[in-house]
Amino acid sequence: MTGKDIAGLEEARDMIPQGTKINVTFLGNEDLEMRVAAAKAVKEMGFVPVPHLSARRLRSQDELEEFLGRLQEVGATEHVFAVGGDPAEPEGPYPDSLTVIRSGVLQKFGVREVSIAGYPEGHPDIPDDVLWRHLDEKALALAQEGLDAVILTQFAFDTAPVMGWIDAVRERGIDAQIRIGTPGPAGVKRLLGFARRFGIGANAMIVKKYGFSLTNLMGTAGPDRFVSDLATLLADPSTGSGAEDGRGDVKLHFYTFGGLMATSQWAREFVAAQSSGARR
């Protein structure tokens, strides 16, 4: 959610299981008050806030400490997501999320777990070898700082690169929980717009496999097929290296492009359908 989504969260609250993690973005057009208010609302409604720390948007250590201090006042610092952020040039002393992790500031404000970014299909502006080096460095730094790690990935339409990337992460000895970015139900045109922005593969073959067509941009699409296929592949040891439970802890993270209510409703209906199918 963003700082503007408190009303949307209120609307969807009864559809979301208590204790669900809800990320709160750090957007350039929102201020401290909006971010803290959103994190507070998440906490008060019985969910787990995961505020974003956008490294390159932080103008100083004082600003980082002010943000964390305000979050701590509302009980929203145990879990954070440290990410580089959009600006091409850092606005302060943090060029990337690694420098935030290594700053020693997080623990002073009660942070216990840090989510870091993963890119199964790469990043449009960062070479793959650099992405892998950064992932290794961040996982090591979190362990050295005594902080738990979660890898939160960019969203995807295709299970093949996701599965290959999960196996590559585990082969590097990184055992952190992985949360696979999954687009919530939304308009096809909107989904493709986000895909282009973030460098996500969206050619005709991939989107057909996902469940919509490039020739029909007026409809909506949900992740039913993607989630089902991913679950099947994760449960099948023959699709990986063969090591027992070699993929470790893998869960989903929903990007709510179509809104909190639409995504929450989809998730509830999907789980109900799976349960009904299992009983039959």
# chains A, B, ... in the order shown; residues from 1 in each chain; ligands from 1
>>> residues_around(residues="A:Val42", least_positions_apart="4", cutoff="12 Å", atoms="only C-alpha atoms", output="number ranges by chain")
A: 1-3, 5-10, 12-13, 16, 18-24, 35-38, 46-51, 71, 74-76
>>> write_last_selection(atoms="N, CA and C atoms", output="mmCIF file, in the first residue's frame")
data_model
loop_
_atom_site.group_PDB
_atom_site.id
_atom_site.type_symbol
_atom_site.label_atom_id
_atom_site.label_comp_id
_atom_site.auth_asym_id
_atom_site.auth_seq_id
_atom_site.Cartn_x
_atom_site.Cartn_y
_atom_site.Cartn_z
ATOM 1 N N MET A 1 0.844 -1.189 0.000
ATOM 2 C CA MET A 1 0.000 0.000 0.000
ATOM 3 C C MET A 1 0.878 1.237 0.000
ATOM 4 N N THR A 2 0.289 2.353 -0.386
ATOM 5 C CA THR A 2 0.955 3.642 -0.303
ATOM 6 C C THR A 2 0.380 4.417 0.875
ATOM 7 N N GLY A 3 0.933 5.585 1.103
ATOM 8 C CA GLY A 3 0.416 6.417 2.167
ATOM 9 C C GLY A 3 -1.005 6.884 1.926
ATOM 10 N N ASP A 5 -3.427 4.950 0.807
ATOM 11 C CA ASP A 5 -4.319 3.789 0.739
ATOM 12 C C ASP A 5 -4.974 3.395 2.056
ATOM 13 N N ILE A 6 -4.970 4.260 3.051
ATOM 14 C CA ILE A 6 -5.553 3.885 4.347
ATOM 15 C C ILE A 6 -7.030 3.536 4.199
ATOM 16 N N ALA A 7 -7.765 4.337 3.431
ATOM 17 C CA ALA A 7 -9.198 4.051 3.237
ATOM 18 C C ALA A 7 -9.383 2.714 2.527
ATOM 19 N N GLY A 8 -8.523 2.400 1.570
ATOM 20 C CA GLY A 8 -8.596 1.116 0.871
ATOM 21 C C GLY A 8 -8.303 -0.048 1.795
ATOM 22 N N LEU A 9 -7.364 0.140 2.719
ATOM 23 C CA LEU A 9 -7.064 -0.908 3.696
ATOM 24 C C LEU A 9 -8.239 -1.114 4.636
ATOM 25 N N GLU A 10 -8.843 -0.028 5.057
ATOM 26 C CA GLU A 10 -10.029 -0.110 5.925
ATOM 27 C C GLU A 10 -11.137 -0.905 5.235
ATOM 28 N N ALA A 12 -10.772 -3.192 2.942
ATOM 29 C CA ALA A 12 -10.403 -4.590 2.694
ATOM 30 C C ALA A 12 -10.062 -5.359 3.965
ATOM 31 N N ARG A 13 -10.048 -4.711 5.110
ATOM 32 C CA ARG A 13 -9.490 -5.315 6.323
ATOM 33 C C ARG A 13 -10.118 -6.653 6.687
ATOM 34 N N ILE A 16 -8.630 -9.701 4.779
ATOM 35 C CA ILE A 16 -7.204 -10.012 4.931
ATOM 36 C C ILE A 16 -6.979 -10.708 6.272
ATOM 37 N N GLN A 18 -5.622 -11.671 9.778
ATOM 38 C CA GLN A 18 -4.845 -10.955 10.787
ATOM 39 C C GLN A 18 -3.404 -11.471 10.789
ATOM 40 N N GLY A 19 -2.456 -10.574 10.995
ATOM 41 C CA GLY A 19 -1.049 -10.957 11.001
ATOM 42 C C GLY A 19 -0.376 -10.922 9.645
ATOM 43 N N THR A 20 -1.142 -10.608 8.597
ATOM 44 C CA THR A 20 -0.563 -10.501 7.261
ATOM 45 C C THR A 20 0.417 -9.321 7.203
ATOM 46 N N LYS A 21 1.555 -9.541 6.569
ATOM 47 C CA LYS A 21 2.501 -8.439 6.353
ATOM 48 C C LYS A 21 1.973 -7.522 5.251
ATOM 49 N N ILE A 22 2.011 -6.229 5.509
ATOM 50 C CA ILE A 22 1.595 -5.243 4.506
ATOM 51 C C ILE A 22 2.691 -4.197 4.369
ATOM 52 N N ASN A 23 3.292 -4.142 3.185
ATOM 53 C CA ASN A 23 4.361 -3.183 2.939
ATOM 54 C C ASN A 23 3.792 -1.782 2.727
ATOM 55 N N VAL A 24 4.505 -0.795 3.229
ATOM 56 C CA VAL A 24 4.122 0.610 3.076
ATOM 57 C C VAL A 24 5.224 1.306 2.280
ATOM 58 N N ARG A 35 3.505 8.452 5.489
ATOM 59 C CA ARG A 35 4.110 7.116 5.640
ATOM 60 C C ARG A 35 3.879 6.562 7.047
ATOM 61 N N VAL A 36 4.059 7.396 8.043
ATOM 62 C CA VAL A 36 3.875 6.951 9.424
ATOM 63 C C VAL A 36 2.403 6.645 9.691
ATOM 64 N N ALA A 37 1.508 7.493 9.183
ATOM 65 C CA ALA A 37 0.075 7.258 9.380
ATOM 66 C C ALA A 37 -0.356 5.932 8.762
ATOM 67 N N ALA A 38 0.188 5.620 7.586
ATOM 68 C CA ALA A 38 -0.153 4.354 6.933
ATOM 69 C C ALA A 38 0.360 3.167 7.740
ATOM 70 N N GLY A 46 -4.426 -4.774 12.968
ATOM 71 C CA GLY A 46 -4.061 -6.157 13.267
ATOM 72 C C GLY A 46 -3.136 -6.815 12.271
ATOM 73 N N PHE A 47 -2.519 -6.012 11.410
ATOM 74 C CA PHE A 47 -1.579 -6.547 10.433
ATOM 75 C C PHE A 47 -0.153 -6.169 10.831
ATOM 76 N N VAL A 48 0.810 -6.647 10.054
ATOM 77 C CA VAL A 48 2.219 -6.384 10.351
ATOM 78 C C VAL A 48 2.764 -5.367 9.345
ATOM 79 N N PRO A 49 3.064 -4.147 9.789
ATOM 80 C CA PRO A 49 3.580 -3.156 8.857
ATOM 81 C C PRO A 49 5.026 -3.437 8.466
ATOM 82 N N VAL A 50 5.320 -3.268 7.175
ATOM 83 C CA VAL A 50 6.686 -3.393 6.668
ATOM 84 C C VAL A 50 6.996 -2.092 5.907
ATOM 85 N N PRO A 51 7.423 -1.046 6.623
ATOM 86 C CA PRO A 51 7.707 0.220 5.945
ATOM 87 C C PRO A 51 8.938 0.105 5.044
ATOM 88 N N LEU A 71 8.314 5.789 13.404
ATOM 89 C CA LEU A 71 7.743 4.451 13.215
ATOM 90 C C LEU A 71 7.757 3.653 14.513
ATOM 91 N N VAL A 74 4.886 4.170 16.859
ATOM 92 C CA VAL A 74 3.613 3.515 16.531
ATOM 93 C C VAL A 74 3.773 1.998 16.407
ATOM 94 N N GLY A 75 4.923 1.485 16.867
ATOM 95 C CA GLY A 75 5.139 0.038 16.877
ATOM 96 C C GLY A 75 5.332 -0.572 15.513
ATOM 97 N N ALA A 76 6.023 0.152 14.619
ATOM 98 C CA ALA A 76 6.120 -0.306 13.220
ATOM 99 C C ALA A 76 7.551 -0.414 12.716
#
>>> residues_around(residues="A:His253", least_positions_apart="5", cutoff="8 Å", atoms="only C-alpha atoms", output="list in words")
Leu152, Arg179, Ile180, Gly181 and Thr182 of chain A
>>> atom_distance(atom1="atom CA of A:Gly222", atom2="atom CA of A:Asp236")
23.6 Å
>>> select_by_dssp(residues="stretch 139-215 of chain A", states="helix (DSSP H, G or I)", output="mmCIF file with all heavy atoms, in the first residue's frame")
data_model
loop_
_atom_site.group_PDB
_atom_site.id
_atom_site.type_symbol
_atom_site.label_atom_id
_atom_site.label_comp_id
_atom_site.auth_asym_id
_atom_site.auth_seq_id
_atom_site.Cartn_x
_atom_site.Cartn_y
_atom_site.Cartn_z
ATOM 1 N N ALA A 139 22.911 -10.213 2.066
ATOM 2 C CA ALA A 139 22.608 -11.377 2.918
ATOM 3 C C ALA A 139 23.681 -11.544 3.986
ATOM 4 O O ALA A 139 23.379 -11.805 5.161
ATOM 5 C CB ALA A 139 22.505 -12.638 2.056
ATOM 6 N N LEU A 140 24.951 -11.365 3.594
ATOM 7 C CA LEU A 140 26.054 -11.483 4.549
ATOM 8 C C LEU A 140 26.001 -10.361 5.583
ATOM 9 O O LEU A 140 26.155 -10.602 6.789
ATOM 10 C CB LEU A 140 27.391 -11.450 3.805
ATOM 11 C CG LEU A 140 28.656 -11.510 4.680
ATOM 12 C CD1 LEU A 140 28.688 -12.802 5.502
ATOM 13 C CD2 LEU A 140 29.918 -11.398 3.817
ATOM 14 N N ALA A 141 25.752 -9.136 5.121
ATOM 15 C CA ALA A 141 25.709 -7.993 6.039
ATOM 16 C C ALA A 141 24.592 -8.145 7.065
ATOM 17 O O ALA A 141 24.779 -7.833 8.251
ATOM 18 C CB ALA A 141 25.531 -6.697 5.252
ATOM 19 N N LEU A 142 23.432 -8.625 6.644
ATOM 20 C CA LEU A 142 22.321 -8.818 7.574
ATOM 21 C C LEU A 142 22.677 -9.858 8.631
ATOM 22 O O LEU A 142 22.370 -9.683 9.820
ATOM 23 C CB LEU A 142 21.054 -9.213 6.824
ATOM 24 C CG LEU A 142 20.397 -8.094 6.015
ATOM 25 C CD1 LEU A 142 19.306 -8.645 5.112
ATOM 26 C CD2 LEU A 142 19.826 -7.022 6.946
ATOM 27 N N ALA A 143 23.330 -10.931 8.204
ATOM 28 C CA ALA A 143 23.757 -11.956 9.162
ATOM 29 C C ALA A 143 24.762 -11.370 10.153
ATOM 30 O O ALA A 143 24.678 -11.619 11.366
ATOM 31 C CB ALA A 143 24.361 -13.142 8.419
ATOM 32 N N GLN A 144 25.698 -10.573 9.647
ATOM 33 C CA GLN A 144 26.710 -9.962 10.518
ATOM 34 C C GLN A 144 26.086 -8.957 11.489
ATOM 35 O O GLN A 144 26.566 -8.794 12.605
ATOM 36 C CB GLN A 144 27.775 -9.278 9.664
ATOM 37 C CG GLN A 144 28.655 -10.260 8.895
ATOM 38 C CD GLN A 144 29.570 -9.567 7.890
ATOM 39 O OE1 GLN A 144 29.318 -8.431 7.465
ATOM 40 N NE2 GLN A 144 30.648 -10.242 7.508
ATOM 41 N N THR A 159 6.753 -18.446 -14.691
ATOM 42 C CA THR A 159 7.331 -19.251 -13.617
ATOM 43 C C THR A 159 8.746 -19.743 -13.935
ATOM 44 O O THR A 159 9.524 -19.993 -13.015
ATOM 45 C CB THR A 159 6.451 -20.484 -13.328
ATOM 46 O OG1 THR A 159 6.248 -21.208 -14.551
ATOM 47 C CG2 THR A 159 5.113 -20.072 -12.747
ATOM 48 N N ALA A 160 9.102 -19.861 -15.215
ATOM 49 C CA ALA A 160 10.406 -20.447 -15.567
ATOM 50 C C ALA A 160 11.580 -19.639 -15.002
ATOM 51 O O ALA A 160 12.445 -20.208 -14.302
ATOM 52 C CB ALA A 160 10.522 -20.614 -17.080
ATOM 53 N N PRO A 161 11.669 -18.330 -15.285
ATOM 54 C CA PRO A 161 12.792 -17.594 -14.699
ATOM 55 C C PRO A 161 12.720 -17.513 -13.179
ATOM 56 O O PRO A 161 13.761 -17.465 -12.506
ATOM 57 C CB PRO A 161 12.676 -16.196 -15.332
ATOM 58 C CG PRO A 161 11.279 -16.091 -15.830
ATOM 59 C CD PRO A 161 10.863 -17.473 -16.193
ATOM 60 N N VAL A 162 11.517 -17.522 -12.630
ATOM 61 C CA VAL A 162 11.373 -17.484 -11.167
ATOM 62 C C VAL A 162 11.973 -18.738 -10.541
ATOM 63 O O VAL A 162 12.750 -18.666 -9.580
ATOM 64 C CB VAL A 162 9.891 -17.338 -10.765
ATOM 65 C CG1 VAL A 162 9.706 -17.555 -9.263
ATOM 66 C CG2 VAL A 162 9.369 -15.962 -11.159
ATOM 67 N N MET A 163 11.636 -19.895 -11.088
ATOM 68 C CA MET A 163 12.156 -21.146 -10.534
ATOM 69 C C MET A 163 13.673 -21.226 -10.684
ATOM 70 O O MET A 163 14.382 -21.660 -9.767
ATOM 71 C CB MET A 163 11.483 -22.336 -11.231
ATOM 72 C CG MET A 163 9.993 -22.462 -10.947
ATOM 73 S SD MET A 163 9.605 -22.682 -9.183
ATOM 74 C CE MET A 163 10.383 -24.254 -8.870
ATOM 75 N N GLY A 164 14.192 -20.821 -11.851
ATOM 76 C CA GLY A 164 15.640 -20.839 -12.052
ATOM 77 C C GLY A 164 16.346 -19.912 -11.076
ATOM 78 O O GLY A 164 17.417 -20.246 -10.543
ATOM 79 N N TRP A 165 15.734 -18.762 -10.823
ATOM 80 C CA TRP A 165 16.340 -17.790 -9.911
ATOM 81 C C TRP A 165 16.312 -18.318 -8.465
ATOM 82 O O TRP A 165 17.303 -18.172 -7.738
ATOM 83 C CB TRP A 165 15.573 -16.474 -10.022
ATOM 84 C CG TRP A 165 16.098 -15.381 -9.138
ATOM 85 C CD1 TRP A 165 17.112 -14.502 -9.406
ATOM 86 C CD2 TRP A 165 15.619 -15.051 -7.829
ATOM 87 N NE1 TRP A 165 17.292 -13.647 -8.351
ATOM 88 C CE2 TRP A 165 16.388 -13.964 -7.372
ATOM 89 C CE3 TRP A 165 14.613 -15.565 -7.017
ATOM 90 C CZ2 TRP A 165 16.181 -13.380 -6.129
ATOM 91 C CZ3 TRP A 165 14.411 -14.994 -5.780
ATOM 92 C CH2 TRP A 165 15.198 -13.911 -5.347
ATOM 93 N N ILE A 166 15.206 -18.923 -8.042
ATOM 94 C CA ILE A 166 15.133 -19.491 -6.685
ATOM 95 C C ILE A 166 16.250 -20.512 -6.488
ATOM 96 O O ILE A 166 16.970 -20.508 -5.476
ATOM 97 C CB ILE A 166 13.762 -20.149 -6.425
ATOM 98 C CG1 ILE A 166 12.658 -19.096 -6.372
ATOM 99 C CG2 ILE A 166 13.791 -20.958 -5.115
ATOM 100 C CD1 ILE A 166 11.252 -19.685 -6.332
ATOM 101 N N ASP A 167 16.417 -21.409 -7.475
ATOM 102 C CA ASP A 167 17.465 -22.426 -7.364
ATOM 103 C C ASP A 167 18.853 -21.787 -7.300
ATOM 104 O O ASP A 167 19.722 -22.227 -6.540
ATOM 105 C CB ASP A 167 17.386 -23.394 -8.550
ATOM 106 C CG ASP A 167 16.187 -24.337 -8.451
ATOM 107 O OD1 ASP A 167 15.680 -24.543 -7.328
ATOM 108 O OD2 ASP A 167 15.753 -24.861 -9.492
ATOM 109 N N ALA A 168 19.061 -20.727 -8.073
ATOM 110 C CA ALA A 168 20.364 -20.052 -8.069
ATOM 111 C C ALA A 168 20.636 -19.401 -6.708
ATOM 112 O O ALA A 168 21.779 -19.414 -6.219
ATOM 113 C CB ALA A 168 20.416 -19.004 -9.176
ATOM 114 N N VAL A 169 19.593 -18.830 -6.087
ATOM 115 C CA VAL A 169 19.748 -18.234 -4.753
ATOM 116 C C VAL A 169 20.174 -19.298 -3.754
ATOM 117 O O VAL A 169 21.119 -19.110 -2.964
ATOM 118 C CB VAL A 169 18.430 -17.567 -4.294
ATOM 119 C CG1 VAL A 169 18.508 -17.167 -2.816
ATOM 120 C CG2 VAL A 169 18.122 -16.343 -5.143
ATOM 121 N N ARG A 170 19.500 -20.437 -3.784
ATOM 122 C CA ARG A 170 19.818 -21.499 -2.818
ATOM 123 C C ARG A 170 21.202 -22.091 -3.077
ATOM 124 O O ARG A 170 21.919 -22.454 -2.135
ATOM 125 C CB ARG A 170 18.754 -22.597 -2.881
ATOM 126 C CG ARG A 170 17.339 -22.135 -2.500
ATOM 127 C CD ARG A 170 17.311 -21.348 -1.216
ATOM 128 N NE ARG A 170 15.935 -21.077 -0.749
ATOM 129 C CZ ARG A 170 15.611 -20.046 0.006
ATOM 130 N NH1 ARG A 170 16.534 -19.172 0.383
ATOM 131 N NH2 ARG A 170 14.362 -19.874 0.397
ATOM 132 N N GLU A 171 21.581 -22.189 -4.340
ATOM 133 C CA GLU A 171 22.912 -22.715 -4.664
ATOM 134 C C GLU A 171 24.024 -21.813 -4.139
ATOM 135 O O GLU A 171 25.155 -22.253 -3.922
ATOM 136 C CB GLU A 171 23.052 -22.895 -6.184
ATOM 137 C CG GLU A 171 22.269 -24.088 -6.720
ATOM 138 C CD GLU A 171 22.090 -24.055 -8.230
ATOM 139 O OE1 GLU A 171 22.699 -23.165 -8.885
ATOM 140 O OE2 GLU A 171 21.337 -24.903 -8.754
ATOM 141 N N VAL A 188 -5.372 -5.446 -17.795
ATOM 142 C CA VAL A 188 -4.234 -5.931 -18.578
ATOM 143 C C VAL A 188 -3.318 -4.777 -18.983
ATOM 144 O O VAL A 188 -2.088 -4.865 -18.887
ATOM 145 C CB VAL A 188 -4.736 -6.699 -19.821
ATOM 146 C CG1 VAL A 188 -3.578 -7.014 -20.758
ATOM 147 C CG2 VAL A 188 -5.450 -7.977 -19.405
ATOM 148 N N LYS A 189 -3.920 -3.676 -19.417
ATOM 149 C CA LYS A 189 -3.133 -2.525 -19.856
ATOM 150 C C LYS A 189 -2.263 -1.994 -18.719
ATOM 151 O O LYS A 189 -1.095 -1.648 -18.911
ATOM 152 C CB LYS A 189 -4.082 -1.436 -20.360
ATOM 153 C CG LYS A 189 -3.487 -0.498 -21.384
ATOM 154 C CD LYS A 189 -4.596 0.354 -22.003
ATOM 155 C CE LYS A 189 -4.035 1.219 -23.121
ATOM 156 N NZ LYS A 189 -5.100 1.997 -23.768
ATOM 157 N N ARG A 190 -2.844 -1.954 -17.532
ATOM 158 C CA ARG A 190 -2.088 -1.456 -16.377
ATOM 159 C C ARG A 190 -0.943 -2.401 -16.011
ATOM 160 O O ARG A 190 0.169 -1.969 -15.702
ATOM 161 C CB ARG A 190 -3.036 -1.280 -15.188
ATOM 162 C CG ARG A 190 -2.400 -0.544 -14.041
ATOM 163 C CD ARG A 190 -3.402 -0.186 -12.965
ATOM 164 N NE ARG A 190 -2.808 0.754 -12.025
ATOM 165 C CZ ARG A 190 -3.237 0.934 -10.800
ATOM 166 N NH1 ARG A 190 -4.296 0.274 -10.360
ATOM 167 N NH2 ARG A 190 -2.661 1.805 -9.997
ATOM 168 N N LEU A 191 -1.225 -3.700 -16.022
ATOM 169 C CA LEU A 191 -0.188 -4.682 -15.720
ATOM 170 C C LEU A 191 0.976 -4.575 -16.689
ATOM 171 O O LEU A 191 2.147 -4.614 -16.295
ATOM 172 C CB LEU A 191 -0.777 -6.099 -15.759
ATOM 173 C CG LEU A 191 -1.706 -6.500 -14.620
ATOM 174 C CD1 LEU A 191 -2.331 -7.859 -14.899
ATOM 175 C CD2 LEU A 191 -0.960 -6.526 -13.291
ATOM 176 N N LEU A 192 0.673 -4.436 -17.978
ATOM 177 C CA LEU A 192 1.728 -4.333 -18.975
ATOM 178 C C LEU A 192 2.519 -3.041 -18.809
ATOM 179 O O LEU A 192 3.727 -3.002 -19.066
ATOM 180 C CB LEU A 192 1.133 -4.422 -20.383
ATOM 181 C CG LEU A 192 0.570 -5.799 -20.763
ATOM 182 C CD1 LEU A 192 -0.126 -5.731 -22.112
ATOM 183 C CD2 LEU A 192 1.682 -6.850 -20.782
ATOM 184 N N GLY A 193 1.830 -1.970 -18.393
ATOM 185 C CA GLY A 193 2.521 -0.710 -18.138
ATOM 186 C C GLY A 193 3.549 -0.844 -17.032
ATOM 187 O O GLY A 193 4.689 -0.377 -17.171
ATOM 188 N N PHE A 194 3.169 -1.505 -15.946
ATOM 189 C CA PHE A 194 4.119 -1.743 -14.864
ATOM 190 C C PHE A 194 5.241 -2.671 -15.319
ATOM 191 O O PHE A 194 6.399 -2.486 -14.933
ATOM 192 C CB PHE A 194 3.402 -2.339 -13.646
ATOM 193 C CG PHE A 194 2.716 -1.325 -12.784
ATOM 194 C CD1 PHE A 194 1.331 -1.219 -12.779
ATOM 195 C CD2 PHE A 194 3.443 -0.470 -11.973
ATOM 196 C CE1 PHE A 194 0.688 -0.276 -11.984
ATOM 197 C CE2 PHE A 194 2.808 0.470 -11.173
ATOM 198 C CZ PHE A 194 1.437 0.564 -11.176
ATOM 199 N N ALA A 195 4.910 -3.671 -16.111
ATOM 200 C CA ALA A 195 5.926 -4.604 -16.605
ATOM 201 C C ALA A 195 6.987 -3.867 -17.416
ATOM 202 O O ALA A 195 8.196 -4.088 -17.238
ATOM 203 C CB ALA A 195 5.272 -5.697 -17.449
ATOM 204 N N ARG A 196 6.554 -2.987 -18.316
ATOM 205 C CA ARG A 196 7.519 -2.225 -19.124
ATOM 206 C C ARG A 196 8.390 -1.339 -18.235
ATOM 207 O O ARG A 196 9.599 -1.242 -18.438
ATOM 208 C CB ARG A 196 6.778 -1.370 -20.150
ATOM 209 C CG ARG A 196 6.316 -2.142 -21.376
ATOM 210 C CD ARG A 196 5.841 -1.208 -22.473
ATOM 211 N NE ARG A 196 4.643 -0.474 -22.087
ATOM 212 C CZ ARG A 196 3.409 -0.921 -22.295
ATOM 213 N NH1 ARG A 196 3.212 -2.097 -22.871
ATOM 214 N NH2 ARG A 196 2.369 -0.197 -21.929
ATOM 215 N N ARG A 197 7.768 -0.723 -17.239
ATOM 216 C CA ARG A 197 8.510 0.181 -16.354
ATOM 217 C C ARG A 197 9.609 -0.545 -15.593
ATOM 218 O O ARG A 197 10.700 -0.009 -15.375
ATOM 219 C CB ARG A 197 7.528 0.831 -15.379
ATOM 220 C CG ARG A 197 8.181 1.759 -14.376
ATOM 221 C CD ARG A 197 7.155 2.367 -13.440
ATOM 222 N NE ARG A 197 7.782 3.049 -12.329
ATOM 223 C CZ ARG A 197 7.141 3.502 -11.259
ATOM 224 N NH1 ARG A 197 5.834 3.350 -11.185
ATOM 225 N NH2 ARG A 197 7.784 4.102 -10.290
ATOM 226 N N PHE A 198 9.326 -1.784 -15.182
ATOM 227 C CA PHE A 198 10.271 -2.508 -14.340
ATOM 228 C C PHE A 198 11.086 -3.556 -15.086
ATOM 229 O O PHE A 198 11.797 -4.355 -14.476
ATOM 230 C CB PHE A 198 9.536 -3.162 -13.162
ATOM 231 C CG PHE A 198 8.927 -2.168 -12.218
ATOM 232 C CD1 PHE A 198 7.554 -2.091 -12.062
ATOM 233 C CD2 PHE A 198 9.717 -1.294 -11.500
ATOM 234 C CE1 PHE A 198 6.977 -1.169 -11.193
ATOM 235 C CE2 PHE A 198 9.156 -0.375 -10.631
ATOM 236 C CZ PHE A 198 7.781 -0.313 -10.476
ATOM 237 N N ALA A 204 4.508 -12.113 -26.146
ATOM 238 C CA ALA A 204 3.224 -12.783 -26.403
ATOM 239 C C ALA A 204 3.164 -14.176 -25.781
ATOM 240 O O ALA A 204 2.143 -14.578 -25.233
ATOM 241 C CB ALA A 204 2.966 -12.848 -27.904
ATOM 242 N N MET A 205 4.261 -14.924 -25.879
ATOM 243 C CA MET A 205 4.267 -16.290 -25.355
ATOM 244 C C MET A 205 4.094 -16.283 -23.829
ATOM 245 O O MET A 205 3.338 -17.068 -23.267
ATOM 246 C CB MET A 205 5.574 -16.979 -25.722
ATOM 247 C CG MET A 205 5.661 -18.428 -25.257
ATOM 248 S SD MET A 205 7.291 -19.129 -25.554
ATOM 249 C CE MET A 205 8.278 -18.306 -24.309
ATOM 250 N N ILE A 206 4.796 -15.363 -23.168
ATOM 251 C CA ILE A 206 4.762 -15.326 -21.710
ATOM 252 C C ILE A 206 3.383 -14.904 -21.203
ATOM 253 O O ILE A 206 2.824 -15.518 -20.288
ATOM 254 C CB ILE A 206 5.860 -14.384 -21.165
ATOM 255 C CG1 ILE A 206 7.236 -15.024 -21.366
ATOM 256 C CG2 ILE A 206 5.635 -14.057 -19.702
ATOM 257 C CD1 ILE A 206 8.401 -14.105 -21.062
ATOM 258 N N VAL A 207 2.808 -13.858 -21.817
ATOM 259 C CA VAL A 207 1.514 -13.398 -21.309
ATOM 260 C C VAL A 207 0.410 -14.403 -21.609
ATOM 261 O O VAL A 207 -0.542 -14.538 -20.831
ATOM 262 C CB VAL A 207 1.150 -12.000 -21.849
ATOM 263 C CG1 VAL A 207 2.160 -10.968 -21.385
ATOM 264 C CG2 VAL A 207 1.010 -11.979 -23.339
ATOM 265 N N LYS A 208 0.543 -15.142 -22.694
ATOM 266 C CA LYS A 208 -0.445 -16.191 -22.976
ATOM 267 C C LYS A 208 -0.353 -17.277 -21.909
ATOM 268 O O LYS A 208 -1.366 -17.784 -21.417
ATOM 269 C CB LYS A 208 -0.214 -16.782 -24.363
ATOM 270 C CG LYS A 208 -1.256 -17.825 -24.746
ATOM 271 C CD LYS A 208 -1.014 -18.365 -26.150
ATOM 272 C CE LYS A 208 -2.055 -19.418 -26.510
ATOM 273 N NZ LYS A 208 -1.811 -20.006 -27.839
ATOM 274 N N LYS A 209 0.871 -17.632 -21.546
ATOM 275 C CA LYS A 209 1.092 -18.620 -20.489
ATOM 276 C C LYS A 209 0.512 -18.118 -19.164
ATOM 277 O O LYS A 209 -0.045 -18.881 -18.376
ATOM 278 C CB LYS A 209 2.600 -18.871 -20.352
ATOM 279 C CG LYS A 209 2.992 -19.877 -19.292
ATOM 280 C CD LYS A 209 4.512 -20.039 -19.306
ATOM 281 C CE LYS A 209 4.966 -20.950 -18.160
ATOM 282 N NZ LYS A 209 6.439 -21.051 -18.114
ATOM 283 N N TYR A 210 0.631 -16.798 -18.917
ATOM 284 C CA TYR A 210 0.108 -16.215 -17.680
ATOM 285 C C TYR A 210 -1.410 -16.214 -17.681
ATOM 286 O O TYR A 210 -2.043 -16.374 -16.640
ATOM 287 C CB TYR A 210 0.647 -14.785 -17.535
ATOM 288 C CG TYR A 210 0.250 -14.110 -16.244
ATOM 289 C CD1 TYR A 210 0.945 -14.365 -15.065
ATOM 290 C CD2 TYR A 210 -0.809 -13.213 -16.201
ATOM 291 C CE1 TYR A 210 0.589 -13.741 -13.874
ATOM 292 C CE2 TYR A 210 -1.173 -12.577 -15.019
ATOM 293 C CZ TYR A 210 -0.473 -12.851 -13.868
ATOM 294 O OH TYR A 210 -0.825 -12.231 -12.690
#
>>> residues_around(residues="A:Asp62", least_positions_apart="5", cutoff="12 Å", atoms="only C-alpha atoms", output="ChimeraX atom specification")
/A:67-69,92-93,105
>>> write_last_selection(atoms="N, CA, C and O atoms", output="CSV table (one decimal), in the first residue's frame")
chain,number,residue,atom,x,y,z
A,67,PHE,N,12.6,9.1,10.8
A,67,PHE,CA,11.6,8.2,10.2
A,67,PHE,C,11.5,7.0,11.1
A,67,PHE,O,10.4,6.6,11.5
A,68,LEU,N,12.6,6.4,11.4
A,68,LEU,CA,12.6,5.2,12.3
A,68,LEU,C,12.0,5.5,13.7
A,68,LEU,O,11.3,4.7,14.3
A,69,GLY,N,12.4,6.6,14.2
A,69,GLY,CA,11.9,7.0,15.5
A,69,GLY,C,10.4,7.2,15.5
A,69,GLY,O,9.7,6.7,16.4
A,92,GLY,N,21.4,11.8,-0.5
A,92,GLY,CA,22.1,11.9,0.8
A,92,GLY,C,23.2,10.9,0.9
A,92,GLY,O,23.8,10.5,-0.2
A,93,PRO,N,23.5,10.4,2.1
A,93,PRO,CA,24.7,9.5,2.2
A,93,PRO,C,24.5,8.0,1.9
A,93,PRO,O,25.4,7.2,2.1
A,105,VAL,N,22.2,1.8,12.2
A,105,VAL,CA,21.1,2.6,12.7
A,105,VAL,C,19.8,1.7,13.0
A,105,VAL,O,19.1,2.0,13.9
>>> select_by_dssp(residues="stretch 32-245 of chain A", states="strand (DSSP E)", output="PyMOL selection string")
chain A and resi 48-54+79-83+113-118+148-155+177-183+186-187+220-221
>>> atom_distance(atom1="atom CA of A:Gly184", atom2="atom CA of A:Phe257")
6.1 Å
>>> atom_distance(atom1="atom CA of A:Leu32", atom2="atom CA of A:Asp14")
27.2 Å
>>> residues_around(residues="A:Glu145", least_positions_apart="5", cutoff="12 Å", atoms="only C-alpha atoms", output="ChimeraX atom specification")
/A:98,100-108,111-114,138-140
